[in-house]
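Text of my_file.cif (mmCIF, C-alpha atoms) as supplied:
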data_data
loop_
_atom_site.group_PDB
_atom_site.id
_atom_site.type_symbol
_atom_site.label_atom_id
_atom_site.label_comp_id
_atom_site.auth_asym_id
_atom_site.auth_seq_id
_atom_site.Cartn_x
_atom_site.Cartn_y
_atom_site.Cartn_z
ATOM 1 C CA PRO A 274 223.047 132.528 176.681
ATOM 2 C CA ASP A 275 220.604 131.100 174.192
ATOM 3 C CA PRO A 276 219.341 127.607 175.029
ATOM 4 C CA ALA A 277 221.135 124.754 173.263
ATOM 5 C CA GLY A 278 219.321 123.245 170.301
ATOM 6 C CA LEU A 279 217.229 126.331 169.515
ATOM 7 C CA LYS A 280 217.601 128.846 166.721
ATOM 8 C CA PRO A 281 216.773 132.240 168.243
ATOM 9 C CA ILE A 282 215.531 134.970 165.963
ATOM 10 C CA LYS A 283 216.343 138.385 167.421
ATOM 11 C CA VAL A 284 213.870 141.220 166.870
ATOM 12 C CA GLU A 285 213.461 144.697 168.293
ATOM 13 C CA THR A 286 209.992 145.765 167.175
ATOM 14 C CA ALA A 287 206.534 144.257 167.017
ATOM 15 C CA ARG A 288 206.554 144.518 163.222
ATOM 16 C CA GLN A 289 209.849 142.617 163.051
ATOM 17 C CA MET A 290 208.400 139.968 165.370
ATOM 18 C CA GLN A 291 205.304 139.653 163.197
ATOM 19 C CA ALA A 292 207.475 139.167 160.101
ATOM 20 C CA ALA A 293 209.575 136.527 161.895
ATOM 21 C CA VAL A 294 206.437 134.670 163.041
ATOM 22 C CA GLU A 295 204.952 134.733 159.541
ATOM 23 C CA ALA A 296 208.230 133.423 158.094
ATOM 24 C CA ALA A 297 208.284 130.558 160.619
ATOM 25 C CA LEU A 298 204.852 129.229 159.620
ATOM 26 C CA PRO A 299 203.562 126.618 159.071
ATOM 27 C CA ALA A 300 203.900 125.061 162.528
ATOM 28 C CA ASP A 301 201.907 122.527 164.522
ATOM 29 C CA ILE A 302 201.770 124.684 167.669
ATOM 30 C CA PHE A 303 202.117 128.447 168.113
ATOM 31 C CA ILE A 304 202.729 129.631 171.669
ATOM 32 C CA SER A 305 202.599 133.415 171.882
ATOM 33 C CA ALA A 306 204.445 134.076 175.110
ATOM 34 C CA ALA A 307 206.052 137.406 174.198
ATOM 35 C CA ALA A 308 204.496 140.559 175.599
ATOM 36 C CA VAL A 309 204.501 142.984 172.676
ATOM 37 C CA ALA A 310 203.598 146.592 173.400
ATOM 38 C CA ASP A 311 200.077 147.461 172.274
ATOM 39 C CA TRP A 312 201.181 150.859 170.942
ATOM 40 C CA ARG A 313 204.152 152.445 169.185
ATOM 41 C CA VAL A 314 205.034 156.018 168.298
ATOM 42 C CA ASP A 315 203.646 157.081 164.939
ATOM 43 C CA GLY A 316 206.634 158.142 162.894
ATOM 44 C CA GLN A 317 210.256 158.433 163.860
ATOM 45 C CA SER A 318 212.300 161.566 163.876
ATOM 46 C CA SER A 319 215.372 161.536 161.654
ATOM 47 C CA HIS A 320 217.069 163.930 164.045
ATOM 48 C CA LYS A 321 217.318 164.631 167.759
ATOM 49 C CA VAL A 322 214.175 166.246 169.146
ATOM 50 C CA LYS A 323 215.478 169.302 170.961
ATOM 51 C CA LYS A 324 214.018 171.017 174.006
ATOM 52 C CA THR A 325 212.195 174.179 173.008
ATOM 53 C CA GLY A 326 211.064 175.458 176.370
ATOM 54 C CA ASP A 327 207.442 174.791 175.387
ATOM 55 C CA GLY A 328 207.216 171.518 177.269
ATOM 56 C CA PRO A 329 207.517 167.974 175.991
ATOM 57 C CA PRO A 330 206.760 167.222 172.350
ATOM 58 C CA SER A 331 203.453 165.645 171.401
ATOM 59 C CA LEU A 332 203.557 161.963 170.617
ATOM 60 C CA ALA A 333 200.988 160.330 168.372
ATOM 61 C CA LEU A 334 200.543 156.601 168.979
ATOM 62 C CA ILE A 335 199.402 153.899 166.596
ATOM 63 C CA GLU A 336 198.469 150.337 167.340
ATOM 64 C CA ASN A 337 201.066 147.610 166.958
ATOM 65 C CA PRO A 338 200.078 144.481 165.050
ATOM 66 C CA ASP A 339 198.176 141.874 167.066
ATOM 67 C CA ILE A 340 200.400 138.900 166.274
ATOM 68 C CA LEU A 341 198.394 136.394 168.320
ATOM 69 C CA ALA A 342 195.079 137.272 166.655
ATOM 70 C CA ALA A 343 196.699 137.342 163.218
ATOM 71 C CA VAL A 344 198.014 133.797 163.652
ATOM 72 C CA ALA A 345 194.830 132.462 165.265
ATOM 73 C CA THR A 346 192.571 133.805 162.500
ATOM 74 C CA ARG A 347 194.676 132.639 159.549
ATOM 75 C CA THR A 348 192.888 130.578 156.941
ATOM 76 C CA LEU A 349 196.131 129.387 155.363
ATOM 77 C CA ASN A 350 198.874 127.747 157.446
ATOM 78 C CA ARG A 351 197.081 128.247 160.770
ATOM 79 C CA PRO A 352 198.833 126.164 163.417
ATOM 80 C CA GLN A 353 196.709 123.306 164.709
ATOM 81 C CA LEU A 354 197.045 124.761 168.200
ATOM 82 C CA VAL A 355 197.309 128.472 169.037
ATOM 83 C CA VAL A 356 198.121 129.394 172.630
ATOM 84 C CA GLY A 357 198.195 132.901 174.075
ATOM 85 C CA PHE A 358 198.865 134.389 177.484
ATOM 86 C CA ALA A 359 196.861 136.826 179.600
ATOM 87 C CA ALA A 360 198.719 138.615 182.379
ATOM 88 C CA GLU A 361 195.983 140.194 184.481
ATOM 89 C CA THR A 362 195.676 142.075 187.762
ATOM 90 C CA GLU A 363 191.979 141.386 188.351
ATOM 91 C CA LYS A 364 189.201 139.108 187.051
ATOM 92 C CA VAL A 365 191.923 136.786 185.753
ATOM 93 C CA VAL A 366 189.713 133.936 184.519
ATOM 94 C CA GLU A 367 186.974 136.226 183.189
ATOM 95 C CA TYR A 368 189.419 138.376 181.227
ATOM 96 C CA GLY A 369 191.261 135.258 180.047
ATOM 97 C CA GLN A 370 188.037 133.748 178.720
ATOM 98 C CA ALA A 371 187.216 136.996 176.926
ATOM 99 C CA LYS A 372 190.676 137.060 175.353
ATOM 100 C CA LEU A 373 190.311 133.427 174.248
ATOM 101 C CA ALA A 374 187.107 134.276 172.378
ATOM 102 C CA ARG A 375 188.268 137.651 171.047
ATOM 103 C CA LYS A 376 191.594 136.356 169.687
ATOM 104 C CA ARG A 377 190.132 132.988 168.578
ATOM 105 C CA CYS A 378 192.825 130.942 170.313
ATOM 106 C CA ASP A 379 192.666 127.312 171.345
ATOM 107 C CA MET A 380 194.008 128.043 174.828
ATOM 108 C CA ILE A 381 194.861 131.034 176.985
ATOM 109 C CA VAL A 382 197.280 130.745 179.896
ATOM 110 C CA ALA A 383 196.039 133.365 182.359
ATOM 111 C CA ASN A 384 197.738 134.474 185.524
ATOM 112 C CA ASP A 385 197.569 137.139 188.197
ATOM 113 C CA VAL A 386 200.507 139.528 187.894
ATOM 114 C CA SER A 387 199.331 142.013 190.509
ATOM 115 C CA PRO A 388 202.063 143.084 192.955
ATOM 116 C CA GLU A 389 200.437 140.982 195.706
ATOM 117 C CA SER A 390 200.834 137.788 193.643
ATOM 118 C CA GLY A 391 204.636 137.943 193.692
ATOM 119 C CA VAL A 392 204.760 136.501 190.165
ATOM 120 C CA MET A 393 206.762 139.289 188.552
ATOM 121 C CA GLY A 394 210.345 138.729 189.644
ATOM 122 C CA GLY A 395 209.342 135.706 191.715
ATOM 123 C CA LEU A 396 210.233 132.050 191.269
ATOM 124 C CA ASP A 397 206.721 130.555 191.425
ATOM 125 C CA ASN A 398 203.490 130.994 189.527
ATOM 126 C CA SER A 399 199.924 129.722 189.427
ATOM 127 C CA VAL A 400 198.068 129.812 186.126
ATOM 128 C CA HIS A 401 194.683 128.983 184.672
ATOM 129 C CA LEU A 402 194.653 126.972 181.436
ATOM 130 C CA ILE A 403 191.558 128.278 179.679
ATOM 131 C CA THR A 404 190.055 126.451 176.706
ATOM 132 C CA PRO A 405 186.629 126.857 175.106
ATOM 133 C CA ASP A 406 185.377 123.898 177.177
ATOM 134 C CA ALA A 407 187.081 124.244 180.556
ATOM 135 C CA VAL A 408 189.264 126.146 182.996
ATOM 136 C CA GLU A 409 192.030 124.162 184.675
ATOM 137 C CA THR A 410 193.693 125.930 187.605
ATOM 138 C CA LEU A 411 197.212 124.743 188.309
ATOM 139 C CA PRO A 412 198.570 124.871 191.857
ATOM 140 C CA LYS A 413 201.334 127.318 192.719
ATOM 141 C CA GLN A 414 204.626 125.799 191.572
ATOM 142 C CA SER A 415 207.967 126.720 190.052
ATOM 143 C CA LYS A 416 207.801 128.556 186.760
ATOM 144 C CA ALA A 417 209.699 125.656 185.159
ATOM 145 C CA ASP A 418 206.999 123.251 186.347
ATOM 146 C CA VAL A 419 204.299 125.596 185.036
ATOM 147 C CA ALA A 420 206.043 125.584 181.650
ATOM 148 C CA ARG A 421 206.156 121.778 181.657
ATOM 149 C CA ALA A 422 202.433 121.632 182.524
ATOM 150 C CA ILE A 423 201.604 124.002 179.660
ATOM 151 C CA ILE A 424 203.580 121.879 177.194
ATOM 152 C CA GLN A 425 201.915 118.709 178.519
ATOM 153 C CA LYS A 426 198.477 120.290 178.033
ATOM 154 C CA CYS A 427 199.458 121.342 174.501
ATOM 155 C CA SER A 428 200.549 117.784 173.747
ATOM 156 C CA VAL A 429 197.204 116.377 174.924
ATOM 157 C CA MET A 430 195.218 119.000 173.001
ATOM 158 C CA LEU A 431 197.197 118.428 169.811
ATOM 159 C CA GLU A 432 196.703 114.671 170.079
ATOM 160 C CA GLU A 433 192.945 115.201 170.554
ATOM 161 C CA LYS A 434 192.788 117.433 167.470
ATOM 162 C CA ARG A 435 194.595 114.835 165.393
ATOM 163 C CA SER A 436 192.380 111.923 166.432
#
Can I see the file as structure tokens?
Amino acid sequence: PDPAGLKPIKVETARQMQAAVEAALPADIFISAAAVADWRVDGQSSHKVKKTGDGPPSLALIENPDILAAVATRTLNRPQLVVGFAAETEKVVEYGQAKLARKRCDMIVANDVSPESGVMGGLDNSVHLITPDAVETLPKQSKADVARAIIQKCSVMLEEKRS
């Protein structure tokens, strides 16, 4: 069930999510925790694609919108704090720092999601909170505690921006 006190907005596509995000702005903090597919099929058939005996049909892909970068680079109604996530399988901090710069975020929460880490489907996680000035590595802890630590860091960063 949906958490009490929240107003969920249900979407099925990256373009619907982008529209919902745009409609929700302005906001003080934007935390982009959803993993949107990088690509989608170009075009949609209006009918069932039948087998022809010639093998599978060709699929052309086009890039989905980059919601995180679009929010972070706004000149109007940009949240004071933009936070993204980087799920990596190698060079976690290095790739997280590159994503921070490329997307122009205020913070990236980077973690190792390789099979050896046990994060996917597991109860615990260890993340790196990457900002332009520092990398803070949190110890392995419950995912709920990681979430609380992220929110605490956001609170501190927002207070610093306001003062």
Which segment 286-366 of chain A residues have any atom within 10 Å of an atom of segment 403-412 of chain A, and for each, what is the nearest pair of atoms with distance in Å to one decimal, counting all atoms listed in the file, rows sorted by chain and number, as a Markdown table?
| residue | atom | partner | partner_atom | distance |
| --- | --- | --- | --- | --- |
| A:Val356 | CA | A:Thr404 | CA | 9.5 |
| A:Gly357 | CA | A:Ile403 | CA | 9.8 |
| A:Phe358 | CA | A:Ile403 | CA | 9.8 |
| A:Val366 | CA | A:Ile403 | CA | 7.7 |
I need the chosen residues saved as a JSON list (two decimals), keeping the file's coordinate frame, with C-alpha atoms.
[["chain", "number", "residue", "atom", "x", "y", "z"],
["A", 356, "VAL", "CA", 198.12, 129.39, 172.63],
["A", 357, "GLY", "CA", 198.20, 132.90, 174.08],
["A", 358, "PHE", "CA", 198.86, 134.39, 177.48],
["A", 366, "VAL", "CA", 189.71, 133.94, 184.52]]
The PyMOL selection byres ((chain A and resi 362) around 9) resolved against shown file, as a PyMOL selection string
chain A and resi 360-361+363-365+384-388+390
Quick one: residues within 7 Å of segment 289-304 of chain A, all atoms listed in the file, excluding same-chain residues fewer than 5 positions away - as a PyMOL selection string?
chain A and resi 284+340+350-357
Store the residues of this selection in a file with C-alpha atoms, as a compact mmCIF listing (two decimals), keeping the file's coordinate frame.
# COMPACT_ATOMS: atom_id res chain seq x y z
CA VAL A 284 213.87 141.22 166.87
CA ILE A 340 200.40 138.90 166.27
CA ASN A 350 198.87 127.75 157.45
CA ARG A 351 197.08 128.25 160.77
CA PRO A 352 198.83 126.16 163.42
CA GLN A 353 196.71 123.31 164.71
CA LEU A 354 197.04 124.76 168.20
CA VAL A 355 197.31 128.47 169.04
CA VAL A 356 198.12 129.39 172.63
CA GLY A 357 198.20 132.90 174.08
How far is it from atom CA of Ser428 of chain A to atom CA of Met380 of chain A, in Å with one decimal?
12.2 Å
Report, in Å with one decimal, the straight-line distance from atom CA of Lys283 of chain A to atom CA of Met430 of chain A.
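One can read the atom CA of Lys283 of chain A to atom CA of Met430 of chain A distance as 29.2 Å.
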Atom-to-atom span, atom CA of Ile282 of chain A and atom CA of Ala342 of chain A, Å:
20.6 Å
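Remark: for Val309 of chain A, the closest of the candidate residues A:Ala287, A:Ala359, A:Leu279, A:Cys427 is A:Ala287 (distances computed over only C-alpha atoms).
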From the options A:Thr325, A:Thr348, A:Asn337, A:Ser436, which residue's atoms come nearest to Ala310 of chain A, counting only C-alpha atoms?
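Selected residue with least distance to Ala310 of chain A: A:Asn337.
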Pick from A:Val382, A:Pro274, A:Gly394, A:Glu285, whichever lies nearest to Ile424 of chain A using all atoms listed in the file:
A:Val382
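Nearest to Gln370 of chain A of all the residues A:Glu433, A:Lys321, A:His401, A:Lys426 is A:His401, based on all atoms listed in the file.
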Could you check the closest approach to Leu334 of chain A for each of A:Gln317, A:Thr346, A:Ser415, A:Ser399 and tell me which residue wins, using all atoms listed in the file?
A:Gln317
Neighbours of Lys376 of chain A within 7 Å (all atoms listed in the file; same-chain residues fewer than 3 positions away dropped), as a PDB file with C-alpha atoms, in the coordinates of the input?
ATOM      1  CA  LEU A 341     198.394 136.394 168.320  1.00  0.00           C
ATOM      2  CA  ALA A 342     195.079 137.272 166.655  1.00  0.00           C
ATOM      3  CA  ALA A 345     194.830 132.462 165.265  1.00  0.00           C
ATOM      4  CA  LYS A 372     190.676 137.060 175.353  1.00  0.00           C
ATOM      5  CA  LEU A 373     190.311 133.427 174.248  1.00  0.00           C
TER       6      LEU A 373
END
May I ask you to restore all heavy atoms in segment 360-371 of chain A and write the result as a PDB file, in the coordinates of the input?
ATOM      1  N   ALA A 360     198.194 138.161 181.092  1.00  0.00           N
ATOM      2  CA  ALA A 360     198.719 138.615 182.379  1.00  0.00           C
ATOM      3  C   ALA A 360     197.746 139.664 182.907  1.00  0.00           C
ATOM      4  O   ALA A 360     197.610 140.736 182.326  1.00  0.00           O
ATOM      5  CB  ALA A 360     200.119 139.197 182.210  1.00  0.00           C
ATOM      6  N   GLU A 361     197.058 139.333 183.974  1.00  0.00           N
ATOM      7  CA  GLU A 361     195.983 140.194 184.481  1.00  0.00           C
ATOM      8  C   GLU A 361     196.234 140.584 185.933  1.00  0.00           C
ATOM      9  O   GLU A 361     196.973 139.905 186.646  1.00  0.00           O
ATOM     10  CB  GLU A 361     194.634 139.477 184.372  1.00  0.00           C
ATOM     11  CG  GLU A 361     194.257 139.014 182.976  1.00  0.00           C
ATOM     12  CD  GLU A 361     194.003 140.150 181.999  1.00  0.00           C
ATOM     13  OE1 GLU A 361     193.884 141.318 182.430  1.00  0.00           O
ATOM     14  OE2 GLU A 361     193.923 139.879 180.793  1.00  0.00           O
ATOM     15  N   THR A 362     195.589 141.644 186.365  1.00  0.00           N
ATOM     16  CA  THR A 362     195.676 142.075 187.762  1.00  0.00           C
ATOM     17  C   THR A 362     194.345 141.948 188.490  1.00  0.00           C
ATOM     18  O   THR A 362     194.278 142.169 189.694  1.00  0.00           O
ATOM     19  CB  THR A 362     196.167 143.538 187.865  1.00  0.00           C
ATOM     20  OG1 THR A 362     195.285 144.377 187.116  1.00  0.00           O
ATOM     21  CG2 THR A 362     197.591 143.680 187.328  1.00  0.00           C
ATOM     22  N   GLU A 363     193.295 141.601 187.763  1.00  0.00           N
ATOM     23  CA  GLU A 363     191.979 141.386 188.351  1.00  0.00           C
ATOM     24  C   GLU A 363     191.149 140.547 187.382  1.00  0.00           C
ATOM     25  O   GLU A 363     191.480 140.452 186.200  1.00  0.00           O
ATOM     26  CB  GLU A 363     191.268 142.715 188.638  1.00  0.00           C
ATOM     27  CG  GLU A 363     191.019 143.540 187.379  1.00  0.00           C
ATOM     28  CD  GLU A 363     190.315 144.851 187.651  1.00  0.00           C
ATOM     29  OE1 GLU A 363     189.693 145.001 188.715  1.00  0.00           O
ATOM     30  OE2 GLU A 363     190.371 145.729 186.782  1.00  0.00           O
ATOM     31  N   LYS A 364     190.103 139.908 187.886  1.00  0.00           N
ATOM     32  CA  LYS A 364     189.201 139.108 187.051  1.00  0.00           C
ATOM     33  C   LYS A 364     189.975 138.238 186.069  1.00  0.00           C
ATOM     34  O   LYS A 364     189.693 138.212 184.863  1.00  0.00           O
ATOM     35  CB  LYS A 364     188.217 140.012 186.315  1.00  0.00           C
ATOM     36  CG  LYS A 364     187.361 140.866 187.232  1.00  0.00           C
ATOM     37  CD  LYS A 364     186.408 141.713 186.431  1.00  0.00           C
ATOM     38  CE  LYS A 364     185.607 142.621 187.347  1.00  0.00           C
ATOM     39  NZ  LYS A 364     184.724 143.515 186.598  1.00  0.00           N
ATOM     40  N   VAL A 365     190.969 137.510 186.588  1.00  0.00           N
ATOM     41  CA  VAL A 365     191.923 136.786 185.753  1.00  0.00           C
ATOM     42  C   VAL A 365     191.234 135.790 184.822  1.00  0.00           C
ATOM     43  O   VAL A 365     191.477 135.795 183.610  1.00  0.00           O
ATOM     44  CB  VAL A 365     192.980 136.087 186.636  1.00  0.00           C
ATOM     45  CG1 VAL A 365     193.925 135.252 185.804  1.00  0.00           C
ATOM     46  CG2 VAL A 365     193.749 137.122 187.459  1.00  0.00           C
ATOM     47  N   VAL A 366     190.379 134.948 185.354  1.00  0.00           N
ATOM     48  CA  VAL A 366     189.713 133.936 184.519  1.00  0.00           C
ATOM     49  C   VAL A 366     188.742 134.607 183.552  1.00  0.00           C
ATOM     50  O   VAL A 366     188.713 134.283 182.355  1.00  0.00           O
ATOM     51  CB  VAL A 366     189.013 132.875 185.384  1.00  0.00           C
ATOM     52  CG1 VAL A 366     188.148 131.946 184.534  1.00  0.00           C
ATOM     53  CG2 VAL A 366     190.047 132.064 186.167  1.00  0.00           C
ATOM     54  N   GLU A 367     187.954 135.544 184.046  1.00  0.00           N
ATOM     55  CA  GLU A 367     186.974 136.226 183.189  1.00  0.00           C
ATOM     56  C   GLU A 367     187.657 136.929 182.017  1.00  0.00           C
ATOM     57  O   GLU A 367     187.235 136.789 180.863  1.00  0.00           O
ATOM     58  CB  GLU A 367     186.194 137.243 184.033  1.00  0.00           C
ATOM     59  CG  GLU A 367     185.163 138.027 183.265  1.00  0.00           C
ATOM     60  CD  GLU A 367     184.453 139.067 184.135  1.00  0.00           C
ATOM     61  OE1 GLU A 367     184.378 138.892 185.372  1.00  0.00           O
ATOM     62  OE2 GLU A 367     183.973 140.058 183.559  1.00  0.00           O
ATOM     63  N   TYR A 368     188.712 137.678 182.300  1.00  0.00           N
ATOM     64  CA  TYR A 368     189.419 138.376 181.227  1.00  0.00           C
ATOM     65  C   TYR A 368     190.133 137.392 180.309  1.00  0.00           C
ATOM     66  O   TYR A 368     190.221 137.608 179.102  1.00  0.00           O
ATOM     67  CB  TYR A 368     190.399 139.396 181.793  1.00  0.00           C
ATOM     68  CG  TYR A 368     189.749 140.612 182.422  1.00  0.00           C
ATOM     69  CD1 TYR A 368     190.471 141.453 183.249  1.00  0.00           C
ATOM     70  CD2 TYR A 368     188.411 140.930 182.204  1.00  0.00           C
ATOM     71  CE1 TYR A 368     189.898 142.578 183.828  1.00  0.00           C
ATOM     72  CE2 TYR A 368     187.825 142.043 182.780  1.00  0.00           C
ATOM     73  CZ  TYR A 368     188.579 142.870 183.590  1.00  0.00           C
ATOM     74  OH  TYR A 368     188.010 143.976 184.161  1.00  0.00           O
ATOM     75  N   GLY A 369     190.637 136.294 180.864  1.00  0.00           N
ATOM     76  CA  GLY A 369     191.261 135.258 180.047  1.00  0.00           C
ATOM     77  C   GLY A 369     190.274 134.611 179.094  1.00  0.00           C
ATOM     78  O   GLY A 369     190.587 134.370 177.916  1.00  0.00           O
ATOM     79  N   GLN A 370     189.075 134.334 179.585  1.00  0.00           N
ATOM     80  CA  GLN A 370     188.037 133.748 178.720  1.00  0.00           C
ATOM     81  C   GLN A 370     187.643 134.720 177.607  1.00  0.00           C
ATOM     82  O   GLN A 370     187.441 134.308 176.460  1.00  0.00           O
ATOM     83  CB  GLN A 370     186.813 133.368 179.555  1.00  0.00           C
ATOM     84  CG  GLN A 370     187.067 132.169 180.443  1.00  0.00           C
ATOM     85  CD  GLN A 370     185.953 131.915 181.440  1.00  0.00           C
ATOM     86  OE1 GLN A 370     185.405 132.834 182.050  1.00  0.00           O
ATOM     87  NE2 GLN A 370     185.623 130.630 181.623  1.00  0.00           N
ATOM     88  N   ALA A 371     187.554 135.997 177.940  1.00  0.00           N
ATOM     89  CA  ALA A 371     187.216 136.996 176.926  1.00  0.00           C
ATOM     90  C   ALA A 371     188.309 137.080 175.867  1.00  0.00           C
ATOM     91  O   ALA A 371     188.024 137.176 174.666  1.00  0.00           O
ATOM     92  CB  ALA A 371     186.996 138.361 177.580  1.00  0.00           C
TER      93      ALA A 371
END
